Amino acid sequence: MRDNPLMVIYRHLFERFGPQHWWPGETPFEVIVGAILTQNTAWTNVEKAIGNLKQAGAMTPLGLRSLSMDELAECIRPAGYFNVKARRLANFLAWLFEACGGDLDAACAQRTDALREQLLAINGIGPETADSILLYAFNKPVFVIDAYTCRILGRHRLLDGPADYESVREMMESGIPRDTALYNEYHALLVRLGKEFCKPRPRCQGCPLEDLPHDVEMADE
DNA sequence: GACCAGGCACATC
DNA sequence: GATGTGCATGGT
C-alpha cells in the first residue's frame, strides 16, 4: 500500500492540510440540505441559505415541510438556482416521508446500495449529491467524486482521459482501504487542494503535490 | 466585466 | 449515447 499513488496523494494532502472535519453541518439533515444547496454553488452562498432556514425553524424534516414553496425559495435564494433547489429539497422531503416516515434513522438503516438507488431516483439528486449524503450524513463508505477530484486525478495522470463518474468512483474505492473516515477525509482534502491550487487555471507553486508527476496543461474537463 | 463555485435534468442531434 | 443549455447568486 505504501506505493499506491492514491495513498501517496492522501498522505501528502493530510501532512500539508491536516484533518478537515467535514461536513460542516450540525445534524445529518443539515448535511443533506447543504448537499443539495451546494450543487454548482460556492459554500459561502450556501451558508447564508442555511442560516435563513434555521431562522425560519426549517432545519428539520417537519420544519422544512411546513414552508410553502415560495417561502422555501425565498430562504434559499442566496444559494442560487433557488427555484430549482426548492423543488429538489421538496422532492427529497417527499421521499423521506413516503419511504421512511420522515425518519432519517430509518433511511440510514437500509443497505447502502439500496439507499443509494433510492436517492438517485429522486429528481434533483445525482451521483455526487447522493454520495455526499451517503458519506457525510449517513456515514456509509462511499467515495464522493466531484469536479475537483476528476481535475486533480486527471492532472496527475491517474485517469485515462475524461472518465465517467462511476468508473472514477470504482477506481477510488478499489484503490484505497474501504473506510468511512478515510473517504470522508480524503474527499475533503481533495476539495481543499482544488480550491487553493487546482482551479481551471491552476496555481501549482506551493502545491503539496507539485513534486508528483502532473501536467497542468492537460485538458481535463 | 469575466470567471468561478463541493450538479442536475432535459432537449436535441 | 454524446453534447449543449438553463438554472442564479455572490465572491474574486
# chains A, B, ... in the order shown; residues from 1 in each chain; ligands from 1

call {"tool": "select_by_dssp", "arguments": {"residues": "range 37-95 of chain A", "states": "alpha helix (DSSP H)", "output": "ChimeraX atom specification"}}
result
/A:37,43-55,61-65,69-76,82-95

call {"tool": "write_last_selection", "arguments": {"atoms": "N, CA and C atoms", "output": "tab-separated table (two decimals), in the first residue's frame"}}
result
chain	number	residue	atom	x	y	z
A	37	LEU	N	-28.04	22.15	-1.68
A	37	LEU	CA	-27.87	23.58	-1.94
A	37	LEU	C	-26.52	23.91	-2.57
A	43	TRP	N	-19.75	27.43	-1.30
A	43	TRP	CA	-20.27	27.13	0.02
A	43	TRP	C	-20.65	28.39	0.80
A	44	THR	N	-19.95	29.48	0.56
A	44	THR	CA	-20.27	30.73	1.28
A	44	THR	C	-21.72	31.15	1.01
A	45	ASN	N	-22.19	30.91	-0.21
A	45	ASN	CA	-23.58	31.24	-0.52
A	45	ASN	C	-24.54	30.28	0.16
A	46	VAL	N	-24.12	29.02	0.25
A	46	VAL	CA	-24.97	28.01	0.90
A	46	VAL	C	-25.15	28.35	2.38
A	47	GLU	N	-24.08	28.82	3.01
A	47	GLU	CA	-24.16	29.15	4.44
A	47	GLU	C	-25.25	30.18	4.72
A	48	LYS	N	-25.38	31.14	3.81
A	48	LYS	CA	-26.42	32.16	4.02
A	48	LYS	C	-27.80	31.53	3.95
A	49	ALA	N	-27.99	30.66	2.98
A	49	ALA	CA	-29.28	29.99	2.83
A	49	ALA	C	-29.58	29.12	4.05
A	50	ILE	N	-28.57	28.41	4.54
A	50	ILE	CA	-28.76	27.57	5.73
A	50	ILE	C	-29.13	28.43	6.93
A	51	GLY	N	-28.48	29.58	7.05
A	51	GLY	CA	-28.82	30.50	8.13
A	51	GLY	C	-30.28	30.94	8.05
A	52	ASN	N	-30.74	31.24	6.85
A	52	ASN	CA	-32.14	31.64	6.68
A	52	ASN	C	-33.10	30.51	7.08
A	53	LEU	N	-32.74	29.29	6.68
A	53	LEU	CA	-33.61	28.15	7.01
A	53	LEU	C	-33.67	27.93	8.52
A	54	LYS	N	-32.53	28.06	9.17
A	54	LYS	CA	-32.52	27.88	10.63
A	54	LYS	C	-33.39	28.94	11.30
A	55	GLN	N	-33.25	30.16	10.80
A	55	GLN	CA	-34.03	31.26	11.38
A	55	GLN	C	-35.53	31.02	11.20
A	61	PRO	N	-36.87	17.95	9.21
A	61	PRO	CA	-37.79	17.49	8.16
A	61	PRO	C	-39.18	18.12	8.30
A	62	LEU	N	-39.73	18.11	9.51
A	62	LEU	CA	-41.07	18.68	9.71
A	62	LEU	C	-41.08	20.18	9.49
A	63	GLY	N	-40.05	20.85	10.00
A	63	GLY	CA	-39.98	22.30	9.85
A	63	GLY	C	-39.89	22.70	8.39
A	64	LEU	N	-39.06	21.99	7.66
A	64	LEU	CA	-38.89	22.33	6.25
A	64	LEU	C	-40.18	22.06	5.47
A	65	ARG	N	-40.85	20.99	5.85
A	65	ARG	CA	-42.07	20.62	5.13
A	65	ARG	C	-43.18	21.64	5.36
A	69	MET	N	-43.64	26.57	-0.99
A	69	MET	CA	-42.57	26.60	-1.98
A	69	MET	C	-42.00	28.02	-2.11
A	70	ASP	N	-42.86	29.02	-2.04
A	70	ASP	CA	-42.38	30.40	-2.15
A	70	ASP	C	-41.50	30.77	-0.95
A	71	GLU	N	-41.94	30.37	0.23
A	71	GLU	CA	-41.14	30.66	1.44
A	71	GLU	C	-39.80	29.95	1.37
A	72	LEU	N	-39.86	28.70	0.94
A	72	LEU	CA	-38.62	27.92	0.83
A	72	LEU	C	-37.67	28.57	-0.17
A	73	ALA	N	-38.19	28.91	-1.34
A	73	ALA	CA	-37.34	29.53	-2.36
A	73	ALA	C	-36.73	30.83	-1.86
A	74	GLU	N	-37.52	31.60	-1.11
A	74	GLU	CA	-37.02	32.87	-0.60
A	74	GLU	C	-35.88	32.64	0.40
A	75	CYS	N	-36.03	31.64	1.25
A	75	CYS	CA	-34.97	31.33	2.23
A	75	CYS	C	-33.66	30.95	1.54
A	76	ILE	N	-33.77	30.18	0.47
A	76	ILE	CA	-32.54	29.65	-0.13
A	76	ILE	C	-32.05	30.50	-1.30
A	82	PHE	N	-32.54	29.10	-7.00
A	82	PHE	CA	-33.40	28.84	-5.84
A	82	PHE	C	-34.71	28.16	-6.19
A	83	ASN	N	-35.24	28.41	-7.39
A	83	ASN	CA	-36.47	27.70	-7.77
A	83	ASN	C	-36.21	26.21	-7.99
A	84	VAL	N	-35.11	25.93	-8.67
A	84	VAL	CA	-34.74	24.53	-8.92
A	84	VAL	C	-34.47	23.80	-7.60
A	85	LYS	N	-33.69	24.46	-6.74
A	85	LYS	CA	-33.29	23.79	-5.50
A	85	LYS	C	-34.44	23.65	-4.52
A	86	ALA	N	-35.39	24.59	-4.56
A	86	ALA	CA	-36.57	24.45	-3.70
A	86	ALA	C	-37.33	23.18	-4.09
A	87	ARG	N	-37.46	22.97	-5.39
A	87	ARG	CA	-38.13	21.75	-5.86
A	87	ARG	C	-37.35	20.50	-5.46
A	88	ARG	N	-36.03	20.59	-5.56
A	88	ARG	CA	-35.21	19.42	-5.23
A	88	ARG	C	-35.32	19.07	-3.74
A	89	LEU	N	-35.31	20.10	-2.90
A	89	LEU	CA	-35.48	19.85	-1.45
A	89	LEU	C	-36.84	19.24	-1.19
A	90	ALA	N	-37.86	19.77	-1.86
A	90	ALA	CA	-39.21	19.23	-1.67
A	90	ALA	C	-39.28	17.78	-2.16
A	91	ASN	N	-38.60	17.49	-3.24
A	91	ASN	CA	-38.57	16.11	-3.75
A	91	ASN	C	-37.92	15.17	-2.73
A	92	PHE	N	-36.82	15.64	-2.15
A	92	PHE	CA	-36.16	14.80	-1.13
A	92	PHE	C	-37.09	14.56	0.05
A	93	LEU	N	-37.75	15.64	0.51
A	93	LEU	CA	-38.66	15.53	1.66
A	93	LEU	C	-39.80	14.57	1.36
A	94	ALA	N	-40.33	14.67	0.15
A	94	ALA	CA	-41.45	13.80	-0.22
A	94	ALA	C	-41.01	12.34	-0.11
A	95	TRP	N	-39.81	12.04	-0.60
A	95	TRP	CA	-39.30	10.66	-0.48
A	95	TRP	C	-39.12	10.29	0.99

call {"tool": "residues_around", "arguments": {"residues": "Tyr183 in chain A", "least_positions_apart": "3", "cutoff": "7 Å", "atoms": "only C-alpha atoms (C1' of nucleotides)", "output": "PyMOL selection string"}}
result
chain A and resi 141+143+179-180+186-187

call {"tool": "interface_residues", "arguments": {"of": "chain A", "to": "chain C", "cutoff": "6 Å", "atoms": "only C-alpha atoms (C1' of nucleotides)", "output": "list in words"}}
result
Pro78, Ala79, Gly80 and Tyr81 of chain A

call {"tool": "write_last_selection", "arguments": {"atoms": "N, CA and C atoms", "output": "tab-separated table (two decimals), in the first residue's frame"}}
result
chain	number	residue	atom	x	y	z
A	78	PRO	N	-30.09	33.02	-1.60
A	78	PRO	CA	-28.65	33.31	-1.71
A	78	PRO	C	-27.82	32.17	-2.30
A	79	ALA	N	-28.33	30.95	-2.26
A	79	ALA	CA	-27.57	29.81	-2.78
A	79	ALA	C	-27.70	29.66	-4.29
A	80	GLY	N	-28.47	30.53	-4.92
A	80	GLY	CA	-28.60	30.44	-6.37
A	80	GLY	C	-29.52	29.32	-6.81
A	81	TYR	N	-29.95	29.36	-8.07
A	81	TYR	CA	-30.86	28.33	-8.61
A	81	TYR	C	-32.00	28.05	-7.63

call {"tool": "interface_residues", "arguments": {"of": "chain B", "to": "chain A", "cutoff": "9 Å", "atoms": "only C-alpha atoms (C1' of nucleotides)", "output": "PDB file with C-alpha atoms (C1' of nucleotides), in the first residue's frame"}}
result
ATOM      1  C1'  DC B   4     -15.802  30.508 -10.945  1.00  0.00           C
ATOM      2  C1'  DA B   5     -18.357  27.769  -7.410  1.00  0.00           C
ATOM      3  C1'  DG B   6     -18.340  20.801  -3.446  1.00  0.00           C
ATOM      4  C1'  DG B   7     -24.595  19.487 -10.335  1.00  0.00           C
ATOM      5  C1'  DC B   8     -28.512  18.025 -12.442  1.00  0.00           C
ATOM      6  C1'  DA B   9     -32.282  17.423 -15.754  1.00  0.00           C
TER       7       DA B   9
END

call {"tool": "atom_distance", "arguments": {"atom1": "CA of Glu15 in chain A", "atom2": "CA of Arg201 in chain A"}}
result
24.5 Å

call {"tool": "atom_distance", "arguments": {"atom1": "CA of Glu117 in chain A", "atom2": "CA of Ala130 in chain A"}}
result
8.8 Å

call {"tool": "atom_distance", "arguments": {"atom1": "CA of Glu166 in chain A", "atom2": "CA of Ala137 in chain A"}}
result
20.4 Å

call {"tool": "residues_around", "arguments": {"residues": "range 16-28 of chain A", "least_positions_apart": "2", "cutoff": "6 Å", "atoms": "only C-alpha atoms (C1' of nucleotides)", "output": "list in words"}}
result
Leu13, Phe14, Glu30, Val31, Tyr136 and Ala137 of chain A

call {"tool": "decode", "arguments": {"residues": "range 110-208 of chain A", "atoms": "C-alpha atoms", "output": "CSV table (one decimal), in the first residue's frame"}}
result
chain,number,residue,atom,x,y,z
A,110,GLN,CA,-31.2,0.4,4.9
A,111,ARG,CA,-28.4,-1.3,2.9
A,112,THR,CA,-26.1,1.2,1.3
A,113,ASP,CA,-26.7,0.1,-2.3
A,114,ALA,CA,-30.5,0.1,-1.8
A,115,LEU,CA,-30.4,3.6,-0.2
A,116,ARG,CA,-28.2,4.9,-3.0
A,117,GLU,CA,-30.6,3.7,-5.6
A,118,GLN,CA,-33.5,5.4,-3.9
A,119,LEU,CA,-31.6,8.7,-3.5
A,120,LEU,CA,-30.6,8.6,-7.2
A,121,ALA,CA,-34.3,8.1,-8.1
A,122,ILE,CA,-35.2,11.4,-6.6
A,123,ASN,CA,-35.4,14.1,-9.2
A,124,GLY,CA,-32.6,16.6,-8.4
A,125,ILE,CA,-30.3,14.2,-6.7
A,126,GLY,CA,-27.5,12.9,-9.0
A,127,PRO,CA,-24.5,10.8,-8.2
A,128,GLU,CA,-22.4,13.4,-6.4
A,129,THR,CA,-25.2,14.6,-4.2
A,130,ALA,CA,-26.3,11.1,-3.4
A,131,ASP,CA,-22.8,10.0,-2.4
A,132,SER,CA,-22.2,13.2,-0.4
A,133,ILE,CA,-25.4,12.3,1.6
A,134,LEU,CA,-24.4,8.7,2.0
A,135,LEU,CA,-20.9,9.5,3.2
A,136,TYR,CA,-21.4,12.7,5.2
A,137,ALA,CA,-24.9,12.3,6.5
A,138,PHE,CA,-25.2,8.6,6.8
A,139,ASN,CA,-21.6,7.6,7.4
A,140,LYS,CA,-21.6,5.0,4.6
A,141,PRO,CA,-18.3,4.1,2.9
A,142,VAL,CA,-19.0,5.7,-0.4
A,143,PHE,CA,-16.3,7.8,-2.1
A,144,VAL,CA,-17.6,11.2,-3.4
A,145,ILE,CA,-16.4,12.2,-6.8
A,146,ASP,CA,-16.6,15.8,-7.8
A,147,ALA,CA,-15.1,18.2,-10.3
A,148,TYR,CA,-12.0,18.8,-8.2
A,149,THR,CA,-11.4,15.0,-7.8
A,150,CYS,CA,-11.5,14.5,-11.6
A,151,ARG,CA,-9.4,17.5,-12.3
A,152,ILE,CA,-6.7,16.6,-9.7
A,153,LEU,CA,-6.6,12.9,-10.8
A,154,GLY,CA,-6.5,13.9,-14.4
A,155,ARG,CA,-3.7,16.4,-13.9
A,156,HIS,CA,-1.7,13.7,-12.1
A,157,ARG,CA,-2.3,11.2,-14.9
A,158,LEU,CA,-4.4,8.9,-12.9
A,159,LEU,CA,-7.3,9.0,-15.3
A,160,ASP,CA,-7.3,7.9,-19.0
A,161,GLY,CA,-8.8,11.0,-20.4
A,162,PRO,CA,-12.3,12.1,-19.5
A,163,ALA,CA,-13.8,9.4,-17.2
A,164,ASP,CA,-17.4,8.9,-16.1
A,165,TYR,CA,-18.5,9.2,-12.5
A,166,GLU,CA,-18.9,5.5,-11.8
A,167,SER,CA,-15.5,4.5,-13.1
A,168,VAL,CA,-13.7,7.2,-11.1
A,169,ARG,CA,-15.6,6.1,-8.0
A,170,GLU,CA,-14.7,2.5,-8.6
A,171,MET,CA,-11.1,3.4,-9.0
A,172,MET,CA,-11.0,5.3,-5.7
A,173,GLU,CA,-12.9,2.7,-3.8
A,174,SER,CA,-10.8,-0.2,-5.1
A,175,GLY,CA,-7.5,1.7,-4.7
A,176,ILE,CA,-7.8,2.7,-1.0
A,177,PRO,CA,-9.0,0.9,2.1
A,178,ARG,CA,-12.8,0.8,2.5
A,179,ASP,CA,-13.1,3.1,5.4
A,180,THR,CA,-15.7,5.8,6.0
A,181,ALA,CA,-13.4,8.1,8.0
A,182,LEU,CA,-10.7,7.8,5.3
A,183,TYR,CA,-13.2,8.5,2.5
A,184,ASN,CA,-14.5,11.5,4.4
A,185,GLU,CA,-11.1,13.0,5.0
A,186,TYR,CA,-9.7,12.2,1.5
A,187,HIS,CA,-12.6,13.9,-0.4
A,188,ALA,CA,-12.5,16.9,1.9
A,189,LEU,CA,-8.7,17.2,1.3
A,190,LEU,CA,-9.2,17.0,-2.4
A,191,VAL,CA,-11.6,19.8,-2.3
A,192,ARG,CA,-9.3,21.8,-0.1
A,193,LEU,CA,-6.5,21.3,-2.6
A,194,GLY,CA,-8.7,22.1,-5.5
A,195,LYS,CA,-9.9,25.3,-4.0
A,196,GLU,CA,-6.3,26.5,-3.4
A,197,PHE,CA,-4.3,25.1,-6.2
A,198,CYS,CA,-6.2,23.2,-8.8
A,199,LYS,CA,-8.8,25.6,-10.3
A,200,PRO,CA,-9.4,25.6,-14.0
A,201,ARG,CA,-6.5,27.9,-14.2
A,202,PRO,CA,-4.1,26.1,-11.9
A,203,ARG,CA,-1.7,27.7,-9.4
A,204,CYS,CA,0.9,25.0,-8.8
A,205,GLN,CA,3.6,26.8,-6.9
A,206,GLY,CA,3.5,25.7,-3.3
A,207,CYS,CA,1.0,22.9,-4.1
A,208,PRO,CA,1.6,19.9,-1.8
